>>> print(open('data16.pdb').read())   # PDB, C-alpha atoms
ATOM      1  CA  GLY A   1      96.951 111.985 110.445
ATOM      2  CA  ILE A   2      95.601 109.515 112.982
ATOM      3  CA  GLN A   3      97.323 106.140 113.247
ATOM      4  CA  THR A   4      94.935 103.200 113.091
ATOM      5  CA  ASN A   5      94.813  99.524 112.203
ATOM      6  CA  ALA A   6      92.742  98.994 109.089
ATOM      7  CA  THR A   7      92.133  96.763 106.083
ATOM      8  CA  VAL A   8      92.890  98.079 102.617
ATOM      9  CA  LEU A   9      91.590  96.678  99.338
ATOM     10  CA  PHE A  10      93.001  97.491  95.903
ATOM     11  CA  SER A  11      91.300  96.355  92.743
ATOM     12  CA  ASP A  12      92.034  96.992  89.123
ATOM     13  CA  ILE A  13      90.872  95.694  85.762
ATOM     14  CA  ALA A  14      93.132  93.085  84.180
ATOM     15  CA  GLY A  15      94.083  93.962  80.605
ATOM     16  CA  TYR A  16      92.582  97.431  80.900
ATOM     17  CA  SER A  17      94.621  98.975  78.066
ATOM     18  CA  LYS A  18      93.439  96.240  75.705
ATOM     19  CA  ILE A  19      89.810  96.871  76.657
ATOM     20  CA  SER A  20      90.193 100.630  76.201
ATOM     21  CA  GLU A  21      91.774 100.213  72.752
ATOM     22  CA  ASN A  22      88.589  98.633  71.425
ATOM     23  CA  MET A  23      86.214 101.329  72.665
ATOM     24  CA  THR A  24      85.473 104.952  71.963
ATOM     25  CA  PRO A  25      86.158 107.265  74.945
ATOM     26  CA  GLN A  26      82.392 107.524  75.507
ATOM     27  CA  GLU A  27      81.951 103.739  75.579
ATOM     28  CA  LEU A  28      84.858 103.434  77.968
ATOM     29  CA  PHE A  29      83.335 106.082  80.219
ATOM     30  CA  ALA A  30      80.011 104.224  80.294
ATOM     31  CA  THR A  31      81.689 100.854  80.925
ATOM     32  CA  LEU A  32      83.827 102.208  83.763
ATOM     33  CA  ASN A  33      80.931 104.059  85.360
ATOM     34  CA  ASN A  34      78.807 100.923  85.280
ATOM     35  CA  TYR A  35      81.665  98.867  86.736
ATOM     36  CA  PHE A  36      82.480 101.425  89.454
ATOM     37  CA  THR A  37      78.802 101.675  90.412
ATOM     38  CA  LEU A  38      78.368  97.912  90.802
ATOM     39  CA  ILE A  39      81.649  97.526  92.701
ATOM     40  CA  GLY A  40      80.993 100.616  94.822
ATOM     41  CA  ASP A  41      77.593  99.241  95.880
ATOM     42  CA  VAL A  42      79.290  96.062  97.114
ATOM     43  CA  ILE A  43      81.989  97.934  99.039
ATOM     44  CA  MET A  44      79.454 100.218 100.725
ATOM     45  CA  LYS A  45      77.118  97.316 101.504
ATOM     46  CA  GLN A  46      80.044  95.692 103.337
ATOM     47  CA  GLU A  47      80.636  98.970 105.221
ATOM     48  CA  GLY A  48      83.861  99.891 103.419
ATOM     49  CA  MET A  49      84.806 103.374 102.295
ATOM     50  CA  ILE A  50      85.891 103.990  98.725
ATOM     51  CA  ASN A  51      88.983 106.087  99.252
ATOM     52  CA  LYS A  52      89.848 106.864  95.646
ATOM     53  CA  TYR A  53      89.784 105.901  91.996
ATOM     54  CA  ILE A  54      93.072 105.834  90.081
ATOM     55  CA  GLY A  55      92.258 105.291  86.409
ATOM     56  CA  ASP A  56      90.582 101.872  86.385
ATOM     57  CA  ALA A  57      91.709 101.047  89.929
ATOM     58  CA  ILE A  58      89.704 101.357  93.132
ATOM     59  CA  MET A  59      91.124 101.700  96.604
ATOM     60  CA  ALA A  60      88.835 101.026  99.543
ATOM     61  CA  VAL A  61      89.441 100.947 103.267
ATOM     62  CA  TRP A  62      87.709  99.412 106.294
ATOM     63  CA  ASN A  63      87.878 100.564 109.934
ATOM     64  CA  THR A  64      88.599 104.204 109.131
ATOM     65  CA  PRO A  65      87.120 106.820 109.377
ATOM     66  CA  VAL A  66      84.369 104.698 110.979
ATOM     67  CA  GLY A  67      85.576 101.906 113.245
ATOM     68  CA  HIS A  68      84.444  98.337 112.583
ATOM     69  CA  PRO A  69      85.543  95.300 114.607
ATOM     70  CA  ASN A  70      85.145  92.855 111.685
ATOM     71  CA  HIS A  71      87.000  94.992 109.136
ATOM     72  CA  SER A  72      89.153  92.205 107.656
ATOM     73  CA  ALA A  73      86.238  89.811 107.151
ATOM     74  CA  LEU A  74      84.086  92.553 105.605
ATOM     75  CA  ALA A  75      86.827  93.368 103.085
ATOM     76  CA  CYS A  76      87.168  89.677 102.160
ATOM     77  CA  GLN A  77      83.398  89.351 101.773
ATOM     78  CA  ALA A  78      83.356  92.431  99.545
ATOM     79  CA  ALA A  79      86.171  90.989  97.390
ATOM     80  CA  LEU A  80      84.252  87.749  96.816
ATOM     81  CA  GLU A  81      81.095  89.649  95.864
ATOM     82  CA  MET A  82      83.127  91.907  93.563
ATOM     83  CA  LYS A  83      84.530  88.824  91.843
ATOM     84  CA  ARG A  84      81.006  87.422  91.377
ATOM     85  CA  ILE A  85      79.871  90.668  89.753
ATOM     86  CA  VAL A  86      82.912  90.927  87.496
ATOM     87  CA  ASP A  87      82.506  87.279  86.430
ATOM     88  CA  GLY A  88      79.122  88.316  85.074
ATOM     89  CA  LEU A  89      80.448  91.279  83.061
ATOM     90  CA  PRO A  90      81.624  90.731  79.506
ATOM     91  CA  ASP A  91      85.329  91.470  78.773
ATOM     92  CA  ILE A  92      86.161  92.509  82.335
ATOM     93  CA  LYS A  93      88.345  90.590  84.766
ATOM     94  CA  ALA A  94      89.515  92.237  87.963
ATOM     95  CA  ARG A  95      92.421  91.580  90.308
ATOM     96  CA  ILE A  96      92.130  92.303  94.025
ATOM     97  CA  GLY A  97      94.717  92.652  96.813
ATOM     98  CA  ILE A  98      93.859  92.909 100.525
ATOM     99  CA  ASN A  99      96.074  93.684 103.496
ATOM    100  CA  THR A 100      95.499  94.555 107.156
ATOM    101  CA  GLY A 101      97.933  96.703 109.093
ATOM    102  CA  PRO A 102      98.741 100.064 110.669
ATOM    103  CA  LEU A 103      98.226 103.181 108.582
ATOM    104  CA  ALA A 104      97.776 106.907 109.012
ATOM    105  CA  ALA A 105      94.512 108.502 107.933
ATOM    106  CA  GLY A 106      93.499 112.109 107.597
ATOM    107  CA  ASN A 107      93.055 115.064 105.290
ATOM    108  CA  LEU A 108      95.916 115.634 102.904
ATOM    109  CA  GLY A 109      96.604 118.257 100.281
ATOM    110  CA  HIS A 110      96.198 121.988  99.738
ATOM    111  CA  SER A 111      93.989 123.878 102.160
ATOM    112  CA  LYS A 112      91.562 124.555  99.271
ATOM    113  CA  ARG A 113      91.715 121.050  97.826
ATOM    114  CA  MET A 114      91.934 118.436 100.587
ATOM    115  CA  GLU A 115      91.238 114.760 100.273
ATOM    116  CA  TYR A 116      90.886 112.064 102.893
ATOM    117  CA  ALA A 117      94.001 109.937 102.495
ATOM    118  CA  VAL A 118      95.286 106.717 104.019
ATOM    119  CA  ILE A 119      99.018 106.230 103.784
ATOM    120  CA  GLY A 120     101.607 103.794 105.050
ATOM    121  CA  ASP A 121     103.335 100.518 104.389
ATOM    122  CA  ALA A 122     100.073  98.578 104.848
ATOM    123  CA  VAL A 123      98.549 100.484 101.916
ATOM    124  CA  ASN A 124     101.556  99.842  99.676
ATOM    125  CA  LEU A 125     101.442  96.122 100.397
ATOM    126  CA  ALA A 126      97.749  95.858  99.452
ATOM    127  CA  SER A 127      98.568  97.532  96.153
ATOM    128  CA  ARG A 128     101.522  95.166  95.537
ATOM    129  CA  LEU A 129      99.360  92.113  96.250
ATOM    130  CA  GLU A 130      96.805  93.242  93.703
ATOM    131  CA  GLY A 131      99.508  93.199  91.016
ATOM    132  CA  ALA A 132     101.056  89.979  92.328
ATOM    133  CA  ASN A 133      97.909  88.070  91.268
ATOM    134  CA  LYS A 134      99.015  88.407  87.670
ATOM    135  CA  PRO A 135     101.765  85.753  87.471
ATOM    136  CA  PHE A 136      99.655  83.286  89.498
ATOM    137  CA  GLY A 137      96.512  83.788  87.430
ATOM    138  CA  THR A 138      94.593  84.360  90.675
ATOM    139  CA  ASP A 139      91.821  86.906  91.322
ATOM    140  CA  ILE A 140      92.065  87.725  95.029
ATOM    141  CA  MET A 141      95.266  87.722  97.059
ATOM    142  CA  ILE A 142      95.356  88.429 100.787
ATOM    143  CA  SER A 143      98.330  88.929 103.095
ATOM    144  CA  GLU A 144      99.244  86.780 106.100
ATOM    145  CA  SER A 145      98.065  89.504 108.488
ATOM    146  CA  THR A 146      94.568  89.469 106.935
ATOM    147  CA  GLU A 147      94.465  85.656 106.694
ATOM    148  CA  GLU A 148      95.314  85.278 110.380
ATOM    149  CA  ILE A 149      92.306  87.407 111.361
ATOM    150  CA  VAL A 150      89.754  85.760 109.027
ATOM    151  CA  ARG A 151      91.007  82.168 109.442
ATOM    152  CA  GLY A 152      88.109  79.748 109.763
ATOM    153  CA  LYS A 153      85.657  82.146 108.093
ATOM    154  CA  PHE A 154      86.922  81.795 104.526
ATOM    155  CA  LEU A 155      88.354  79.134 102.304
ATOM    156  CA  VAL A 156      91.900  80.169 101.389
ATOM    157  CA  ARG A 157      94.997  78.466 100.092
ATOM    158  CA  PRO A 158      98.602  79.410 100.719
ATOM    159  CA  LEU A 159     100.142  80.630  97.458
ATOM    160  CA  ASP A 160     103.748  81.510  98.140
ATOM    161  CA  ARG A 161     106.129  83.691 100.088
ATOM    162  CA  ILE A 162     106.738  86.686  97.897
ATOM    163  CA  ARG A 163     109.315  89.430  98.047
ATOM    164  CA  VAL A 164     107.893  92.916  97.807
ATOM    165  CA  VAL A 165     109.670  96.210  97.337
ATOM    166  CA  GLY A 166     110.432  97.892 100.643
ATOM    167  CA  ARG A 167     110.013  94.749 102.749
ATOM    168  CA  GLU A 168     113.012  92.926 104.126
ATOM    169  CA  ASN A 169     111.341  89.575 104.733
ATOM    170  CA  PRO A 170     109.192  87.714 102.217
ATOM    171  CA  VAL A 171     105.456  87.967 102.841
ATOM    172  CA  GLN A 172     103.293  84.841 102.983
ATOM    173  CA  VAL A 173     100.298  85.349 100.695
ATOM    174  CA  TYR A 174      97.059  83.446 100.230
ATOM    175  CA  GLU A 175      94.422  83.103  97.559
ATOM    176  CA  LEU A 176      90.936  83.928  98.849
ATOM    177  CA  LEU A 177      88.519  81.431  97.291
ATOM    178  CA  ALA A 178      85.147  81.535  99.053
ATOM    179  CA  GLY A 179      83.220  81.948 102.259
ATOM    180  CA  ILE A 180      83.624  78.829 104.403
ATOM    181  CA  ASP A 181      79.938  77.905 104.327
ATOM    182  CA  GLU A 182      78.986  78.992 100.813
ATOM    183  CA  PRO A 183      77.067  76.316  98.907
ATOM    184  CA  LEU A 184      78.861  74.338  96.164
ATOM    185  CA  GLN A 185      82.165  74.502  97.993
ATOM    186  CA  ASP A 186      82.984  70.805  97.729
ATOM    187  CA  GLU A 187      85.103  71.202  94.632
ATOM    188  CA  LEU A 188      87.022  74.172  96.059
ATOM    189  CA  HIS A 189      87.664  72.316  99.323
ATOM    190  CA  GLU A 190      88.954  69.430  97.261
ATOM    191  CA  LEU A 191      91.198  71.787  95.279
ATOM    192  CA  VAL A 192      92.684  73.247  98.488
ATOM    193  CA  HIS A 193      93.190  69.821 100.028
ATOM    194  CA  SER A 194      94.818  68.460  96.888
ATOM    195  CA  PHE A 195      97.064  71.514  96.489
ATOM    196  CA  ASP A 196      98.151  71.280 100.158
ATOM    197  CA  LYS A 197      99.851  67.982  99.321
ATOM    198  CA  VAL A 198     101.775  69.628  96.486
ATOM    199  CA  LEU A 199     102.890  72.454  98.779
ATOM    200  CA  GLU A 200     103.865  70.157 101.639
ATOM    201  CA  ALA A 201     106.143  68.072  99.410
ATOM    202  CA  TYR A 202     107.513  71.217  97.747
ATOM    203  CA  GLU A 203     108.377  72.847 101.071
ATOM    204  CA  ALA A 204     110.104  69.619 102.177
ATOM    205  CA  ARG A 205     112.144  69.949  98.954
ATOM    206  CA  GLU A 206     110.838  66.570  97.756
ATOM    207  CA  TRP A 207     110.777  67.692  94.131
ATOM    208  CA  ALA A 208     109.792  64.327  92.575
ATOM    209  CA  GLU A 209     106.967  63.791  95.048
ATOM    210  CA  ALA A 210     105.716  67.363  94.691
ATOM    211  CA  SER A 211     105.852  66.879  90.922
ATOM    212  CA  ASP A 212     103.693  63.743  91.121
ATOM    213  CA  PHE A 213     101.156  65.439  93.372
ATOM    214  CA  ALA A 214     101.044  68.458  91.041
ATOM    215  CA  GLN A 215     100.430  66.233  88.009
ATOM    216  CA  GLN A 216      97.613  64.380  89.809
ATOM    217  CA  HIS A 217      96.171  67.722  90.907
ATOM    218  CA  LEU A 218      96.269  69.107  87.360
ATOM    219  CA  LYS A 219      94.446  66.040  86.002
ATOM    220  CA  ARG A 220      91.599  66.898  88.362
ATOM    221  CA  PHE A 221      91.918  70.715  88.050
ATOM    222  CA  PRO A 222      93.469  71.357  84.616
ATOM    223  CA  ASP A 223      92.899  75.135  84.777
ATOM    224  CA  ASP A 224      94.792  75.671  88.023
ATOM    225  CA  LYS A 225      97.647  77.928  86.977
ATOM    226  CA  VAL A 226      99.094  77.965  90.503
ATOM    227  CA  ALA A 227      99.692  74.206  90.478
ATOM    228  CA  ALA A 228     101.194  74.491  86.990
ATOM    229  CA  ILE A 229     103.662  77.065  88.344
ATOM    230  CA  TYR A 230     104.706  74.690  91.138
ATOM    231  CA  LEU A 231     105.102  71.823  88.676
ATOM    232  CA  GLU A 232     107.403  74.024  86.593
ATOM    233  CA  ARG A 233     109.427  75.011  89.690
ATOM    234  CA  CYS A 234     109.838  71.355  90.658
ATOM    235  CA  SER A 235     111.206  70.477  87.256
ATOM    236  CA  GLN A 236     113.680  73.360  87.463
ATOM    237  CA  PHE A 237     114.853  72.394  90.950
ATOM    238  CA  SER A 238     115.173  68.675  90.212
ATOM    239  CA  VAL A 239     117.457  69.444  87.263
ATOM    240  CA  THR A 240     119.984  71.420  89.320
TER     241      THR A 240
END
>>> encode(input="data16.pdb", output="structure tokens")
Amino acid sequence: GIQTNATVLFSDIAGYSKISENMTPQELFATLNNYFTLIGDVIMKQEGMINKYIGDAIMAVWNTPVGHPNHSALACQAALEMKRIVDGLPDIKARIGINTGPLAAGNLGHSKRMEYAVIGDAVNLASRLEGANKPFGTDIMISESTEEIVRGKFLVRPLDRIRVVGRENPVQVYELLAGIDEPLQDELHELVHSFDKVLEAYEAREWAEASDFAQQHLKRFPDDKVAAIYLERCSQFSVT
């Protein structure tokens, strides 16, 4: 395999087993094919390569086999468009993880049954981030290495430092919210700005202050599960 720096995107359908329970195999086939077609169009439009499908999950990669200087931004743009499409589909909610890093790419398998594979720690992290959305109730999570490259082009908010299997140090992760200049961003900018205050107090270990900020934030954004998680953490820490 050839070593290269690339951006990997993992996406899967939240609550897939519940969806599949309520459908015949044929209906499920049709639903998945429709979903994969719509999502695949977005990935290809943003110059990504769909590497493989694993059940209801999609793995896509940018900057290999064809090089692209803006690979991280293209992956983020694709994720936002994927979210828009999924928001319009009944019963389907998707989670997305994105990471940029070194990986090896090339043909893997039996000489009569090869497939183009990308492997490495960077791939594993993207997959972990996809699943890590679940407890936060977020849709798109990106790693610090991706965020650093796309900073200023997208509206993101820091979520947490999370521990992932196989990594010694915690990884700083971000929620990807929108393109920086998309219309109707005022409310999202306000959400990020308001949440920053919660995080700042929390990181200074000012539990009471962080708690107050989180409560104010939740009055304005009652559906923000991330802020609710921080409020809960503050109450646990202030007790001890």
>>> closest_residue(input="data16.pdb", among="A:Ala75, A:Leu218, A:Met82, A:Val226", to="Ile98 in chain A", atoms="all atoms listed in the file")
A:Ala75
>>> axis_aligned_box(input="data16.pdb", around="range 72-89 of chain A", padding_each_side="6 Å", output="lines of an AutoDock Vina configuration file")
center_x = 84.1
center_y = 90.3
center_z = 95.4
size_x = 22.0
size_y = 18.1
size_z = 36.6
>>> resolve_selection(input="data16.pdb", expression="the PyMOL selection byres ((chain A and resi 212) around 12)", output="list in words")
Ser194, Phe195, Lys197, Val198, Leu199, Ala201, Tyr202, Glu206, Trp207, Ala208, Glu209, Ala210, Ser211, Phe213, Ala214, Gln215, Gln216, His217, Leu218, Lys219, Ala227, Ala228, Tyr230, Leu231, Glu232, Cys234 and Ser235 of chain A
>>> resolve_selection(input="data16.pdb", expression="the PyMOL selection byres ((chain A and resi 174) around 8)", output="list in words")
Met141, Ile142, Ser143, Glu144, Glu147, Val156, Arg157, Pro158, Leu159, Asp160, Gln172, Val173, Glu175 and Leu176 of chain A
>>> atom_distance(input="data16.pdb", atom1="CA of Val239 in chain A", atom2="CA of Lys134 in chain A")
26.5 Å
>>> resolve_selection(input="data16.pdb", expression="the PyMOL selection byres ((chain A and resi 50-67) around 8)", output="VMD selection string")
chain A and resid 4 to 13 16 32 40 43 to 44 47 to 49 68 to 69 71 to 72 74 to 75 105 116 to 118
>>> atom_distance(input="data16.pdb", atom1="CA of Gly97 in chain A", atom2="CA of Leu129 in chain A")
4.7 Å
>>> atom_distance(input="data16.pdb", atom1="CA of Ala94 in chain A", atom2="CA of Val150 in chain A")
22.0 Å
>>> residues_around(input="data16.pdb", residues="Phe154 in chain A", least_positions_apart="6", cutoff="6 Å", atoms="only C-alpha atoms", output="list in words")
Ala178, Gly179 and Ile180 of chain A
>>> residues_around(input="data16.pdb", residues="Val171 in chain A", least_positions_apart="4", cutoff="7 Å", atoms="only C-alpha atoms", output="list in words")
Arg161, Ile162 and Arg163 of chain A
>>> closest_residue(input="data16.pdb", among="A:Gln3, A:Thr146, A:Gln236, A:Asn34", to="Ala104 in chain A", atoms="only C-alpha atoms")
A:Gln3
>>> closest_residue(input="data16.pdb", among="A:Arg220, A:His110, A:Arg205, A:Arg95", to="Leu188 in chain A", atoms="only C-alpha atoms")
A:Arg220
>>> closest_residue(input="data16.pdb", among="A:Ile85, A:Thr24, A:Thr100, A:Pro183", to="Thr37 in chain A", atoms="all atoms listed in the file")
A:Ile85
>>> residues_around(input="data16.pdb", residues="range 122-124 of chain A", least_positions_apart="2", cutoff="7 Å", atoms="all atoms listed in the file", output="mmCIF file with C-alpha atoms, keeping the file's coordinate frame")
data_model
loop_
_atom_site.group_PDB
_atom_site.id
_atom_site.type_symbol
_atom_site.label_atom_id
_atom_site.label_comp_id
_atom_site.auth_asym_id
_atom_site.auth_seq_id
_atom_site.Cartn_x
_atom_site.Cartn_y
_atom_site.Cartn_z
ATOM 1 C CA VAL A 8 92.890 98.079 102.617
ATOM 2 C CA ASN A 99 96.074 93.684 103.496
ATOM 3 C CA THR A 100 95.499 94.555 107.156
ATOM 4 C CA GLY A 101 97.933 96.703 109.093
ATOM 5 C CA PRO A 102 98.741 100.064 110.669
ATOM 6 C CA LEU A 103 98.226 103.181 108.582
ATOM 7 C CA ILE A 119 99.018 106.230 103.784
ATOM 8 C CA GLY A 120 101.607 103.794 105.050
ATOM 9 C CA ALA A 126 97.749 95.858 99.452
ATOM 10 C CA SER A 127 98.568 97.532 96.153
ATOM 11 C CA ARG A 128 101.522 95.166 95.537
#
>>> closest_residue(input="data16.pdb", among="A:Asp181, A:Asp41, A:Asp223, A:Glu21", to="Gly137 in chain A", atoms="all atoms listed in the file")
A:Asp223
>>> closest_residue(input="data16.pdb", among="A:Tyr35, A:Glu168, A:Asp91, A:Gln46", to="Ser17 in chain A", atoms="only C-alpha atoms")
A:Asp91
>>> build_atoms(input="data16.pdb", residues="range 188-220 of chain A", atoms="N, CA and C atoms", output="PDB file, in the frame of the given file")
ATOM      1  N   LEU A 188      85.952  73.272  95.602  1.00  0.00           N
ATOM      2  CA  LEU A 188      87.022  74.172  96.059  1.00  0.00           C
ATOM      3  C   LEU A 188      87.767  73.597  97.262  1.00  0.00           C
ATOM      4  N   HIS A 189      87.011  72.967  98.178  1.00  0.00           N
ATOM      5  CA  HIS A 189      87.664  72.316  99.323  1.00  0.00           C
ATOM      6  C   HIS A 189      88.604  71.225  98.829  1.00  0.00           C
ATOM      7  N   GLU A 190      88.141  70.501  97.836  1.00  0.00           N
ATOM      8  CA  GLU A 190      88.954  69.430  97.261  1.00  0.00           C
ATOM      9  C   GLU A 190      90.218  70.002  96.622  1.00  0.00           C
ATOM     10  N   LEU A 191      90.055  71.133  95.920  1.00  0.00           N
ATOM     11  CA  LEU A 191      91.198  71.787  95.279  1.00  0.00           C
ATOM     12  C   LEU A 191      92.237  72.198  96.335  1.00  0.00           C
ATOM     13  N   VAL A 192      91.769  72.798  97.428  1.00  0.00           N
ATOM     14  CA  VAL A 192      92.684  73.247  98.488  1.00  0.00           C
ATOM     15  C   VAL A 192      93.400  72.058  99.110  1.00  0.00           C
ATOM     16  N   HIS A 193      92.637  71.011  99.381  1.00  0.00           N
ATOM     17  CA  HIS A 193      93.190  69.821 100.028  1.00  0.00           C
ATOM     18  C   HIS A 193      94.229  69.165  99.129  1.00  0.00           C
ATOM     19  N   SER A 194      93.925  69.077  97.859  1.00  0.00           N
ATOM     20  CA  SER A 194      94.818  68.460  96.888  1.00  0.00           C
ATOM     21  C   SER A 194      96.080  69.309  96.705  1.00  0.00           C
ATOM     22  N   PHE A 195      95.916  70.622  96.680  1.00  0.00           N
ATOM     23  CA  PHE A 195      97.064  71.514  96.489  1.00  0.00           C
ATOM     24  C   PHE A 195      97.969  71.521  97.724  1.00  0.00           C
ATOM     25  N   ASP A 196      97.362  71.347  98.914  1.00  0.00           N
ATOM     26  CA  ASP A 196      98.151  71.280 100.158  1.00  0.00           C
ATOM     27  C   ASP A 196      99.233  70.204 100.072  1.00  0.00           C
ATOM     28  N   LYS A 197      98.889  69.088  99.442  1.00  0.00           N
ATOM     29  CA  LYS A 197      99.851  67.982  99.321  1.00  0.00           C
ATOM     30  C   LYS A 197     101.029  68.395  98.439  1.00  0.00           C
ATOM     31  N   VAL A 198     100.726  69.129  97.382  1.00  0.00           N
ATOM     32  CA  VAL A 198     101.775  69.628  96.486  1.00  0.00           C
ATOM     33  C   VAL A 198     102.719  70.542  97.288  1.00  0.00           C
ATOM     34  N   LEU A 199     102.121  71.463  98.035  1.00  0.00           N
ATOM     35  CA  LEU A 199     102.890  72.454  98.779  1.00  0.00           C
ATOM     36  C   LEU A 199     103.737  71.815  99.869  1.00  0.00           C
ATOM     37  N   GLU A 200     103.151  70.836 100.545  1.00  0.00           N
ATOM     38  CA  GLU A 200     103.865  70.157 101.639  1.00  0.00           C
ATOM     39  C   GLU A 200     105.132  69.479 101.114  1.00  0.00           C
ATOM     40  N   ALA A 201     104.988  68.755 100.000  1.00  0.00           N
ATOM     41  CA  ALA A 201     106.143  68.072  99.410  1.00  0.00           C
ATOM     42  C   ALA A 201     107.153  69.089  98.896  1.00  0.00           C
ATOM     43  N   TYR A 202     106.651  70.174  98.308  1.00  0.00           N
ATOM     44  CA  TYR A 202     107.513  71.217  97.747  1.00  0.00           C
ATOM     45  C   TYR A 202     108.339  71.875  98.856  1.00  0.00           C
ATOM     46  N   GLU A 203     107.670  72.169  99.974  1.00  0.00           N
ATOM     47  CA  GLU A 203     108.377  72.847 101.071  1.00  0.00           C
ATOM     48  C   GLU A 203     109.373  71.927 101.761  1.00  0.00           C
ATOM     49  N   ALA A 204     109.144  70.601 101.641  1.00  0.00           N
ATOM     50  CA  ALA A 204     110.104  69.619 102.177  1.00  0.00           C
ATOM     51  C   ALA A 204     111.219  69.359 101.157  1.00  0.00           C
ATOM     52  N   ARG A 205     111.173  70.077 100.049  1.00  0.00           N
ATOM     53  CA  ARG A 205     112.144  69.949  98.954  1.00  0.00           C
ATOM     54  C   ARG A 205     112.159  68.547  98.338  1.00  0.00           C
ATOM     55  N   GLU A 206     111.002  67.898  98.407  1.00  0.00           N
ATOM     56  CA  GLU A 206     110.838  66.570  97.756  1.00  0.00           C
ATOM     57  C   GLU A 206     110.311  66.833  96.354  1.00  0.00           C
ATOM     58  N   TRP A 207     111.209  67.212  95.444  1.00  0.00           N
ATOM     59  CA  TRP A 207     110.777  67.692  94.131  1.00  0.00           C
ATOM     60  C   TRP A 207     109.991  66.644  93.344  1.00  0.00           C
ATOM     61  N   ALA A 208     110.460  65.379  93.369  1.00  0.00           N
ATOM     62  CA  ALA A 208     109.792  64.327  92.575  1.00  0.00           C
ATOM     63  C   ALA A 208     108.379  64.080  93.100  1.00  0.00           C
ATOM     64  N   GLU A 209     108.276  64.034  94.421  1.00  0.00           N
ATOM     65  CA  GLU A 209     106.967  63.791  95.048  1.00  0.00           C
ATOM     66  C   GLU A 209     106.019  64.957  94.785  1.00  0.00           C
ATOM     67  N   ALA A 210     106.535  66.166  94.948  1.00  0.00           N
ATOM     68  CA  ALA A 210     105.716  67.363  94.691  1.00  0.00           C
ATOM     69  C   ALA A 210     105.248  67.371  93.237  1.00  0.00           C
ATOM     70  N   SER A 211     106.152  66.970  92.351  1.00  0.00           N
ATOM     71  CA  SER A 211     105.852  66.879  90.922  1.00  0.00           C
ATOM     72  C   SER A 211     104.696  65.914  90.656  1.00  0.00           C
ATOM     73  N   ASP A 212     104.762  64.751  91.291  1.00  0.00           N
ATOM     74  CA  ASP A 212     103.693  63.743  91.121  1.00  0.00           C
ATOM     75  C   ASP A 212     102.362  64.287  91.619  1.00  0.00           C
ATOM     76  N   PHE A 213     102.390  64.870  92.810  1.00  0.00           N
ATOM     77  CA  PHE A 213     101.156  65.439  93.372  1.00  0.00           C
ATOM     78  C   PHE A 213     100.590  66.534  92.458  1.00  0.00           C
ATOM     79  N   ALA A 214     101.484  67.370  91.915  1.00  0.00           N
ATOM     80  CA  ALA A 214     101.044  68.458  91.041  1.00  0.00           C
ATOM     81  C   ALA A 214     100.407  67.901  89.768  1.00  0.00           C
ATOM     82  N   GLN A 215     100.994  66.835  89.225  1.00  0.00           N
ATOM     83  CA  GLN A 215     100.430  66.233  88.009  1.00  0.00           C
ATOM     84  C   GLN A 215      99.059  65.626  88.282  1.00  0.00           C
ATOM     85  N   GLN A 216      98.927  64.945  89.427  1.00  0.00           N
ATOM     86  CA  GLN A 216      97.613  64.380  89.809  1.00  0.00           C
ATOM     87  C   GLN A 216      96.600  65.512  89.984  1.00  0.00           C
ATOM     88  N   HIS A 217      97.039  66.570  90.644  1.00  0.00           N
ATOM     89  CA  HIS A 217      96.171  67.722  90.907  1.00  0.00           C
ATOM     90  C   HIS A 217      95.691  68.338  89.581  1.00  0.00           C
ATOM     91  N   LEU A 218      96.613  68.473  88.632  1.00  0.00           N
ATOM     92  CA  LEU A 218      96.269  69.107  87.360  1.00  0.00           C
ATOM     93  C   LEU A 218      95.372  68.230  86.491  1.00  0.00           C
ATOM     94  N   LYS A 219      95.403  66.922  86.712  1.00  0.00           N
ATOM     95  CA  LYS A 219      94.446  66.040  86.002  1.00  0.00           C
ATOM     96  C   LYS A 219      93.030  66.366  86.465  1.00  0.00           C
ATOM     97  N   ARG A 220      92.913  66.612  87.786  1.00  0.00           N
ATOM     98  CA  ARG A 220      91.599  66.898  88.362  1.00  0.00           C
ATOM     99  C   ARG A 220      91.199  68.363  88.135  1.00  0.00           C
TER     100      ARG A 220
END
